[in-house]
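Chemist: Quick one: the structure is below, questions incoming.
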Amino acid sequence: MTRLPREGRNKTRLIPALGAKGAMVFHDRLARHAIGRASSFCMMGKGRNLRICLEGGTPIEGKSWLGDDSLDCREQSDGDLGTRMRIASEDAFADGAEKVVIVGTDCPSINESILHEAKQLLDSNDLVYGPALDGGYYLVGMRKPSPAVFDGISWGGENVLSQSLDAANLAGLKTALLNPLPDVDHPQDLPAAEQALRIGSSVSVIIPTFNEAPRIAETLASISQSAPHEIIVADGGSTDGTREIAGEMGARVISAAKGRGSQMNHGAETATGEFLLFLHADTIPPDNFPHIIANTLNRPNTAAGAFRFKLSGDMGASPLIEALVNLRCRFFGTPYGDQGIFIRRAIFHQIGGFSNLEAMEDLYFIRKARNAAKIRIARESVLTSPRRWQQSGLIRTFLRHQLMFLFDRIGIPDRLISQLRQ
């Protein structure tokens, strides 16, 4: 349950500290973060559906705000908060839900693990609450309509949770509690909230390498300017000084069995960021890429993403190639690894990571991610070295890539498609 961002109408108690526009922007960040986490949780299990109950706007406005026309977005009912939550839950049960979990957008520490725990507790309890430190709650889950727990509550006060628990007890409902978490109501809550949002949008950059000494320093220097959470170089046995250069520039260097898929999988196993960016050693991401990645992956129904494709240098036909590649990605959502593929760490492990193949690992990975939800292409571009294109010829390489894509679409066996890249 959330509100459409409107200047002067969001997080009004933060306006003295942030101003009306700043409070609206902060609400937008909180809401997108919570919605992204909830959407990720829904992608991780069958039968889980995300519904946005919106205040202050129409469903069309909500879908436009969050960038997804297929989103189940509905207006909240009239009445106080309890009435709106009661009706939202009853509507969900009427539509066939077996369990309903209502989450607000004021708690930046909400994540998939908390939602999973709430779901599990509902197997043996009628209600589950996520206590907020101010006496309210950031989450309520139920396995049947429970109108009694929404009536007669002093909403906005410090006794919301205790009154709700008393009402549940009087109604004979068995309850369970999650760990308490802070929410954001007052200016003094902002530092902890900012820290939680930084953790929740942290990016681990994973670069598979094998003898990339001529290029790795430039790539790492560019990445470092945007201050990601960490940079992991998963090396497949370089002998040209790649490892030493990467270590000197502050990257975390790990050893992995040679093969881009296995190297990236090993990097993902050691990563601690919320989001994973898989980057080739000769590919430069756009400025402020962690912010771009967070904004893209926090859109509902988003499994993975990539940047637009751009070749460095002037190669004559490169503008045409770039346009055609980006057109393919726009209509089919099938980027390749040289576009910088990014994904939530939880979703990466849910779909099983990369296949340990000699080629085509990026295409097969995107295929698995696409089965989970949508692939989004950011407006910004990576800058990719044309060296691989120059080795085989620009047009020939482009045609080979499109044949691989076509063969994959029509179901040609993987072992035959992989021969095109070798």
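Note on naming: chains are A, B, ... as they come in the structure tokens, residues start from 1 per chain, ligands start from 1 in the order shown.
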List the neighbours of range 10-27 of chain A out to 7 Å using only C-alpha atoms; skip same-chain residues closer than 6 positions along the sequence, and give me the result as a CSV table (one decimal) with N, CA and C atoms, in the first residue's frame.
Modeler:
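Heads up, here's the output in selection_8.csv:
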```csv
chain,number,residue,atom,x,y,z
A,185,ASP,N,9.5,8.3,9.8
A,185,ASP,CA,8.4,9.2,10.0
A,185,ASP,C,8.9,10.6,10.3
A,186,HIS,N,10.1,10.7,10.9
A,186,HIS,CA,10.6,12.0,11.4
A,186,HIS,C,12.0,12.3,10.9
A,187,PRO,N,12.5,13.5,10.8
A,187,PRO,CA,13.8,13.8,10.3
A,187,PRO,C,14.9,13.0,11.0
```
Chemist: Taking the DSSP secondary structure from the backbone, can you list the residues of range 189-230 of chain A that are strand (DSSP E), as number ranges by chain?
Modeler: A: 203-209, 230
Chemist: Those same residues - N, CA and C atoms - I'd like them written as a PDB file, in the first residue's frame.
Modeler:
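Result written to again_23.pdb:
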```pdb
ATOM      1  N   VAL A 203      25.637  -2.595  -5.302  1.00  0.00           N
ATOM      2  CA  VAL A 203      25.963  -3.300  -6.546  1.00  0.00           C
ATOM      3  C   VAL A 203      27.333  -3.954  -6.432  1.00  0.00           C
ATOM      4  N   SER A 204      27.372  -5.250  -6.685  1.00  0.00           N
ATOM      5  CA  SER A 204      28.640  -5.979  -6.825  1.00  0.00           C
ATOM      6  C   SER A 204      28.936  -6.138  -8.318  1.00  0.00           C
ATOM      7  N   VAL A 205      30.072  -5.639  -8.742  1.00  0.00           N
ATOM      8  CA  VAL A 205      30.492  -5.772 -10.146  1.00  0.00           C
ATOM      9  C   VAL A 205      31.369  -7.013 -10.265  1.00  0.00           C
ATOM     10  N   ILE A 206      31.030  -7.891 -11.179  1.00  0.00           N
ATOM     11  CA  ILE A 206      31.756  -9.146 -11.369  1.00  0.00           C
ATOM     12  C   ILE A 206      32.322  -9.180 -12.786  1.00  0.00           C
ATOM     13  N   ILE A 207      33.652  -9.295 -12.879  1.00  0.00           N
ATOM     14  CA  ILE A 207      34.333  -9.269 -14.171  1.00  0.00           C
ATOM     15  C   ILE A 207      35.099 -10.568 -14.356  1.00  0.00           C
ATOM     16  N   PRO A 208      34.716 -11.401 -15.329  1.00  0.00           N
ATOM     17  CA  PRO A 208      35.507 -12.592 -15.636  1.00  0.00           C
ATOM     18  C   PRO A 208      36.706 -12.199 -16.497  1.00  0.00           C
ATOM     19  N   THR A 209      37.890 -12.672 -16.152  1.00  0.00           N
ATOM     20  CA  THR A 209      39.089 -12.280 -16.903  1.00  0.00           C
ATOM     21  C   THR A 209      39.937 -13.490 -17.258  1.00  0.00           C
ATOM     22  N   GLU A 230      31.302  -3.265  -4.372  1.00  0.00           N
ATOM     23  CA  GLU A 230      32.540  -4.025  -4.493  1.00  0.00           C
ATOM     24  C   GLU A 230      32.784  -4.357  -5.956  1.00  0.00           C
TER      25      GLU A 230
END
```
Chemist: Just how far from CA of Val101 in chain A is CA of His116 in chain A, in Å to one decimal?
Modeler: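 Computing the Euclidean distance for CA of His116 in chain A and CA of Val101 in chain A yields 10.4 Å.
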Chemist: If we count only C-alpha atoms, what is near Thr105 in chain A at a cut-off of 10 Å, once residues fewer than 4 positions away on the same chain are taken out, given as an MDAnalysis selection string?
Modeler: chainID A and resid 1:3 27:35 109:110 138:139 183:184
Chemist: What is the CA of Asn111 in chain A-CA of Thr83 in chain A distance in Å, reported with one decimal?
Modeler: 25.8 Å
Chemist: Near Lys144 in chain A, counting only C-alpha atoms, which residues have an atom at most 8 Å away, once you skip same-chain residues fewer than 5 positions from it, shown as a list in words?
Modeler: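 Surrounding residues, per the criterion: Phe93, Glu98, Lys99, Val100 and Asp126 of chain A.
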Chemist: Output as a PyMOL selection string all residues of range 258-411 of chain A that backbone DSSP marks as alpha helix (DSSP H).
Modeler: chain A and resi 260-270+289-297+318-332+345-351+361-372+387-392+394-410
Chemist: Write the selection just made, keeping C-alpha atoms, as a short mmCIF file (atom, residue, chain, number, x, y, z; two decimals), in the first residue's frame?
Modeler:
```cif
data_model
loop_
_atom_site.label_atom_id
_atom_site.label_comp_id
_atom_site.auth_asym_id
_atom_site.auth_seq_id
_atom_site.Cartn_x
_atom_site.Cartn_y
_atom_site.Cartn_z
CA ARG A 260 33.11 -17.22 -18.52
CA GLY A 261 30.02 -18.93 -17.08
CA SER A 262 31.87 -20.70 -14.27
CA GLN A 263 33.91 -17.59 -13.50
CA MET A 264 30.82 -15.40 -13.21
CA ASN A 265 29.05 -18.01 -11.08
CA HIS A 266 32.00 -18.14 -8.70
CA GLY A 267 32.03 -14.36 -8.50
CA ALA A 268 28.31 -14.33 -7.69
CA GLU A 269 28.82 -16.88 -4.91
CA THR A 270 31.23 -14.54 -3.13
CA PHE A 289 25.58 2.94 -13.03
CA PRO A 290 24.63 1.71 -9.51
CA HIS A 291 21.76 4.22 -9.47
CA ILE A 292 20.67 3.18 -12.97
CA ILE A 293 20.72 -0.50 -12.02
CA ALA A 294 18.68 0.07 -8.85
CA ASN A 295 16.06 2.14 -10.69
CA THR A 296 15.77 -0.49 -13.42
CA LEU A 297 15.57 -3.58 -11.20
CA SER A 318 29.18 0.72 -36.14
CA PRO A 319 26.23 3.19 -35.86
CA LEU A 320 24.11 0.86 -37.98
CA ILE A 321 25.18 -2.19 -35.96
CA GLU A 322 24.43 -0.39 -32.68
CA ALA A 323 20.98 0.62 -33.91
CA LEU A 324 20.13 -2.92 -35.01
CA VAL A 325 21.38 -4.50 -31.77
CA ASN A 326 19.42 -2.02 -29.67
CA LEU A 327 16.34 -2.58 -31.82
CA ARG A 328 16.58 -6.32 -31.19
CA CYS A 329 16.87 -5.74 -27.45
CA ARG A 330 13.95 -3.34 -27.43
CA PHE A 331 11.54 -5.75 -29.09
CA PHE A 332 12.81 -9.11 -27.84
CA ARG A 345 21.38 -11.56 -6.31
CA ALA A 346 18.30 -13.39 -4.97
CA ILE A 347 16.88 -13.88 -8.47
CA PHE A 348 20.29 -14.95 -9.82
CA HIS A 349 20.43 -17.83 -7.36
CA GLN A 350 16.75 -18.61 -7.84
CA ILE A 351 17.20 -19.25 -11.58
CA GLU A 361 26.23 -18.58 -21.53
CA ASP A 362 24.74 -15.07 -21.70
CA LEU A 363 21.93 -16.03 -24.07
CA TYR A 364 20.94 -19.07 -22.00
CA PHE A 365 21.08 -17.00 -18.82
CA ILE A 366 18.77 -14.34 -20.27
CA ARG A 367 16.42 -17.07 -21.44
CA LYS A 368 16.13 -18.38 -17.86
CA ALA A 369 15.67 -14.89 -16.45
CA ARG A 370 13.00 -14.12 -19.04
CA ASN A 371 11.05 -17.15 -17.83
CA ALA A 372 10.88 -15.50 -14.41
CA ARG A 387 38.22 -5.82 -30.70
CA ARG A 388 36.15 -8.99 -31.03
CA TRP A 389 34.18 -7.43 -33.86
CA GLN A 390 37.37 -6.36 -35.62
CA GLN A 391 38.87 -9.83 -35.41
CA SER A 392 36.07 -11.47 -37.40
CA LEU A 394 31.96 -6.13 -38.15
CA ILE A 395 29.21 -7.37 -40.48
CA ARG A 396 30.19 -11.02 -40.16
CA THR A 397 30.15 -10.83 -36.35
CA PHE A 398 26.80 -9.07 -36.34
CA LEU A 399 25.23 -11.65 -38.67
CA ARG A 400 26.63 -14.50 -36.58
CA HIS A 401 25.07 -13.02 -33.43
CA GLN A 402 21.70 -12.62 -35.12
CA LEU A 403 21.78 -16.21 -36.37
CA MET A 404 22.49 -17.36 -32.82
CA PHE A 405 19.52 -15.34 -31.61
CA LEU A 406 17.27 -16.66 -34.41
CA PHE A 407 18.27 -20.27 -33.89
CA ASP A 408 17.61 -19.95 -30.18
CA ARG A 409 14.13 -18.53 -30.86
CA ILE A 410 13.17 -21.43 -33.14
#
```
Chemist: Considering only C-alpha atoms, can you say which of A:Pro108, A:Ile377, A:Ala256, A:Ser312 comes closest to Glu194 in chain A?
Modeler: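 Checking each of A:Pro108, A:Ile377, A:Ala256, A:Ser312 against Glu194 in chain A, counting only C-alpha atoms, the winner is A:Pro108.
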Chemist: For each of A:Ile284, A:Ile341, A:Leu4, A:Ala221, take the minimum atom-to-atom distance to Gly57 in chain A, counting only C-alpha atoms, then give the residue where this is smallest.
Modeler: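 When distances to Gly57 in chain A are compared using only C-alpha atoms, the smallest one comes from A:Leu4.
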Chemist: May I ask which of the residues A:Gly200, A:Gly340, A:Gly273, A:Gly259 is the closest one to Asp235 in chain A, counting only C-alpha atoms?
Modeler: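 With only C-alpha atoms as the atom set, the closest residue is A:Gly259.
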Chemist: Can you pull out every residue within 6 Å of range 69-81 of chain A, counting only C-alpha atoms, but drop anything in the same chain fewer than 3 positions away, and send it as a PyMOL selection string?
Modeler: chain A and resi 51-55+59+63+84
Chemist: If you keep C-alpha atoms, can you produce a file of those selected residues as an mmCIF file, in the first residue's frame?
Modeler:
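As written to disk, out-v1.cif reads:
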```
data_model
loop_
_atom_site.group_PDB
_atom_site.id
_atom_site.type_symbol
_atom_site.label_atom_id
_atom_site.label_comp_id
_atom_site.auth_asym_id
_atom_site.auth_seq_id
_atom_site.Cartn_x
_atom_site.Cartn_y
_atom_site.Cartn_z
ATOM 1 C CA ARG A 51 -0.840 -5.894 -6.102
ATOM 2 C CA ILE A 52 -0.277 -2.165 -5.649
ATOM 3 C CA CYS A 53 -3.029 -0.422 -3.686
ATOM 4 C CA LEU A 54 -2.600 3.248 -4.513
ATOM 5 C CA GLU A 55 -3.746 6.365 -2.715
ATOM 6 C CA PRO A 59 -4.381 2.868 -11.572
ATOM 7 C CA LYS A 63 1.256 2.051 -13.814
ATOM 8 C CA ARG A 84 -8.414 0.638 3.587
#
```
